[in-house]
Structures are given as structure tokens and as C-alpha cells.
Amino acid sequence: MTFDTIKTLIIVAVVLPAALVIIWALASWSWRKTAVDRPWSSLSKVFHWVIAGSVVLATLIMYYMINLGDTTVPEIRAEYSRLLKTHKSIGLIVLFLVAFRFLWNRWRARPPVAESLSPTQRRVSLTMHRLLYGFMLVVPLLGWMASMTYGGKTSFFGLFELPVWLPKNIEWANVLQPAHVWLAWGMAVFVGVHFAAALWHHLVRRDATLERMLPRRRDSGAA
């Protein structure tokens, strides 16, 4: 299987279905507010799972790129460049959807956390979510900035290129690129903690925190 085939499969398997689900969700949306324990809406679930899958995929590609070997070898360098383009494109999925999610949360309030949580647990949950959002916003932005300061361009699966608003500056790049990588690993840790907390809610506390975000759960106009 060639790299171009893999890229096409990613577009077909992730981007196109996400776009169709978003269109469907917007077309069939009910704007009626429901009870306090209402689940997340279909659109919020799309944002959540596409962002989650993109973060995991981008992290795996980054790990593979780091361990490719000597990038001065032409074959390895070519493979690294192809992977970097895909990594950037998936990172843009995260950046775009997080930005849309911010706007959506401004328009529609988030469902409240489980009432069984103590005030301290609620504060911890809110802080963790804010930090995770911060990571998902800052990490791709730093990657985009590092690309610009290296003199490179950032395209979205070859469909369009993002504007270049920073000059080439290797000194900046040598700061931005490591920051991007280390914060990406930090984000991966927070994603793991988030996943563990969801399982704790589901398996230990046995509340509806995880079920409210599962795609199979029917909802009616939740935020």
C-alpha cells in the first residue's frame, strides 16, 4: 500500500464521514433544552471523537517519525517528509475542530458534570478539561509556527495551504519545535488521564459520564 493510498484512506475514513455527520447533525438538530443529566449532543460527540482520534493518530505518527533513523539518508528523508505532511494535516483537524468546539460551547452550554461528584472533584474535572483544551489548541499552533520559522508550508491534505505569517528564523524554530514535541507528549499524558477518569466513572462510580458521550446513545437536543 503506497503512502498516497494511505493518505486517501485517511481522508475518506475520517474527514468525509465527519463532514457528513456534522451536516446531518445540523440538519436534524433539536434546540430544546433537556434535563440536568442530559447527554452530549450528536455534534459535540462528533467533535469529541474526531478530535480524540486525530490526537492519537498524530501522536503515533510523531513517535514513528522520531524513530525513523538517520534523516540524511534520502529514502528516510523522503518518508519523513511524507509523514510530516500527514502529521501537519491531522494536527490541523485538531486545531480547526477545537476552534469550532469553542464557538459551539459559547452557543450551547455544556452538560453539567455528574451531581454525585464533590465540589473538589468538580473543580478538578473542570481544571483538567481546561488544560486539555489548552493543550489541543497550543500544540498544533506551535507546530504551525515551527513550520513557518523553518521556512516550510503547512497544507491540509494538499487541499489548501495555511497562510505564512512568521518569517523564517532558525533560532525561533529551534525553540518552537522542541516546545511543540514536549507539549504534545504532555497532551498525550492528559489524554491518558482523561481516558482513565472516564473508565473510573463508568466502572467504579457507575454513573452516566462516559455513556453520555458514546455515539450509540440517543440524545434529544443536548449541548
# chains A, B, ... in the order shown; residues from 1 in each chain; ligands from 1
>>> select_by_dssp(residues="region 91-213 of chain A", states="helix (DSSP H, G or I)", output="PyMOL selection string")
chain A and resi 91-107+119-149+170-205+211-213
>>> residues_around(residues="Tyr63 (chain A)", least_positions_apart="4", cutoff="12 Å", atoms="only C-alpha atoms", output="list in words")
Val56, Leu57, Ala58, Thr59, Asn67, Leu68, Gly69, Tyr80, Leu83, Leu84, His87, Val181, Trp182, Ala184, Trp185 and Ala188 of chain A
>>> residues_around(residues="Val94 (chain A)", least_positions_apart="5", cutoff="7 Å", atoms="only C-alpha atoms", output="mmCIF file with C-alpha atoms, in the first residue's frame")
data_model
loop_
_atom_site.group_PDB
_atom_site.id
_atom_site.type_symbol
_atom_site.label_atom_id
_atom_site.label_comp_id
_atom_site.auth_asym_id
_atom_site.auth_seq_id
_atom_site.Cartn_x
_atom_site.Cartn_y
_atom_site.Cartn_z
ATOM 1 C CA ILE A 51 -10.518 15.225 17.907
ATOM 2 C CA SER A 54 -6.819 12.782 15.464
ATOM 3 C CA VAL A 55 -4.764 13.436 18.606
ATOM 4 C CA MET A 136 -5.167 20.852 21.979
#
>>> closest_residue(among="A:Ala197, A:Leu162, A:Tyr133, A:Lys45", to="Gln121 (chain A)", atoms="only C-alpha atoms")
A:Ala197
>>> atom_distance(atom1="CA of Phe156 (chain A)", atom2="CA of Pro140 (chain A)")
12.7 Å
>>> residues_around(residues="Ala146 (chain A)", least_positions_apart="4", cutoff="7 Å", atoms="only C-alpha atoms", output="list in words")
Leu142, Tyr150, Ala173, Leu176 and Gln177 of chain A
>>> atom_distance(atom1="CA of Met148 (chain A)", atom2="CA of Trp165 (chain A)")
7.6 Å
>>> closest_residue(among="A:Arg205, A:Arg82, A:Arg130, A:Lys153", to="Met62 (chain A)", atoms="only C-alpha atoms")
A:Arg82
>>> closest_residue(among="A:Ala99, A:Met128, A:Val139, A:Leu214", to="Trp49 (chain A)", atoms="only C-alpha atoms")
A:Leu214
>>> closest_residue(among="A:Ser89, A:Thr154, A:Asn105, A:Ser118", to="Ser44 (chain A)", atoms="only C-alpha atoms")
A:Asn105
>>> closest_residue(among="A:Leu132, A:Val98, A:Val164, A:Ile61", to="Ser81 (chain A)", atoms="only C-alpha atoms")
A:Ile61
>>> closest_residue(among="A:Met145, A:Leu43, A:Leu131, A:Ile66", to="Lys88 (chain A)", atoms="only C-alpha atoms")
A:Met145
>>> decode(residues="region 154-215 of chain A", atoms="C-alpha atoms", output="mmCIF file, in the first residue's frame")
data_model
loop_
_atom_site.group_PDB
_atom_site.id
_atom_site.type_symbol
_atom_site.label_atom_id
_atom_site.label_comp_id
_atom_site.auth_asym_id
_atom_site.auth_seq_id
_atom_site.Cartn_x
_atom_site.Cartn_y
_atom_site.Cartn_z
ATOM 1 C CA THR A 154 1.501 23.790 6.055
ATOM 2 C CA SER A 155 -1.215 22.310 3.862
ATOM 3 C CA PHE A 156 -4.394 20.448 4.714
ATOM 4 C CA PHE A 157 -4.089 17.107 2.889
ATOM 5 C CA GLY A 158 -2.980 19.036 -0.185
ATOM 6 C CA LEU A 159 -6.381 20.740 -0.468
ATOM 7 C CA PHE A 160 -5.215 24.198 0.612
ATOM 8 C CA GLU A 161 -2.277 25.880 2.342
ATOM 9 C CA LEU A 162 -2.394 27.933 5.501
ATOM 10 C CA PRO A 163 -1.011 31.475 5.306
ATOM 11 C CA VAL A 164 2.587 32.147 6.319
ATOM 12 C CA TRP A 165 2.656 34.972 8.872
ATOM 13 C CA LEU A 166 6.034 34.357 10.515
ATOM 14 C CA PRO A 167 9.425 34.865 8.836
ATOM 15 C CA LYS A 168 11.991 32.108 8.507
ATOM 16 C CA ASN A 169 14.086 32.150 11.667
ATOM 17 C CA ILE A 170 16.028 29.037 12.644
ATOM 18 C CA GLU A 171 16.642 30.318 16.178
ATOM 19 C CA TRP A 172 12.894 30.583 16.755
ATOM 20 C CA ALA A 173 12.343 27.237 15.084
ATOM 21 C CA ASN A 174 14.841 25.565 17.408
ATOM 22 C CA VAL A 175 12.717 26.765 20.324
ATOM 23 C CA LEU A 176 9.246 26.221 18.863
ATOM 24 C CA GLN A 177 9.845 22.708 17.533
ATOM 25 C CA PRO A 178 11.023 21.169 20.850
ATOM 26 C CA ALA A 179 8.218 23.013 22.651
ATOM 27 C CA HIS A 180 5.731 21.521 20.191
ATOM 28 C CA VAL A 181 7.072 17.998 20.735
ATOM 29 C CA TRP A 182 7.295 18.146 24.525
ATOM 30 C CA LEU A 183 3.865 19.719 24.901
ATOM 31 C CA ALA A 184 2.493 17.065 22.550
ATOM 32 C CA TRP A 185 3.788 14.377 24.917
ATOM 33 C CA GLY A 186 2.249 16.298 27.796
ATOM 34 C CA MET A 187 -1.055 16.353 25.944
ATOM 35 C CA ALA A 188 -0.787 12.596 25.398
ATOM 36 C CA VAL A 189 -0.431 12.153 29.167
ATOM 37 C CA PHE A 190 -3.515 14.302 29.795
ATOM 38 C CA VAL A 191 -5.466 12.310 27.206
ATOM 39 C CA GLY A 192 -4.496 9.132 29.065
ATOM 40 C CA VAL A 193 -5.626 10.633 32.377
ATOM 41 C CA HIS A 194 -8.886 11.749 30.749
ATOM 42 C CA PHE A 195 -9.466 8.230 29.410
ATOM 43 C CA ALA A 196 -8.686 6.669 32.797
ATOM 44 C CA ALA A 197 -11.097 9.080 34.510
ATOM 45 C CA ALA A 198 -13.845 8.144 32.044
ATOM 46 C CA LEU A 199 -13.306 4.451 32.808
ATOM 47 C CA TRP A 200 -13.300 5.210 36.547
ATOM 48 C CA HIS A 201 -16.668 6.922 36.212
ATOM 49 C CA HIS A 202 -18.054 4.033 34.185
ATOM 50 C CA LEU A 203 -16.610 1.045 36.059
ATOM 51 C CA VAL A 204 -16.223 2.304 39.634
ATOM 52 C CA ARG A 205 -18.746 5.083 40.190
ATOM 53 C CA ARG A 206 -21.141 3.583 37.613
ATOM 54 C CA ASP A 207 -22.548 6.955 36.598
ATOM 55 C CA ALA A 208 -23.505 8.151 33.099
ATOM 56 C CA THR A 209 -20.415 10.315 32.449
ATOM 57 C CA LEU A 210 -18.988 8.025 29.762
ATOM 58 C CA GLU A 211 -22.331 6.858 28.399
ATOM 59 C CA ARG A 212 -23.373 10.453 27.681
ATOM 60 C CA MET A 213 -20.505 10.745 25.181
ATOM 61 C CA LEU A 214 -20.846 7.360 23.489
ATOM 62 C CA PRO A 215 -22.015 7.587 19.846
#
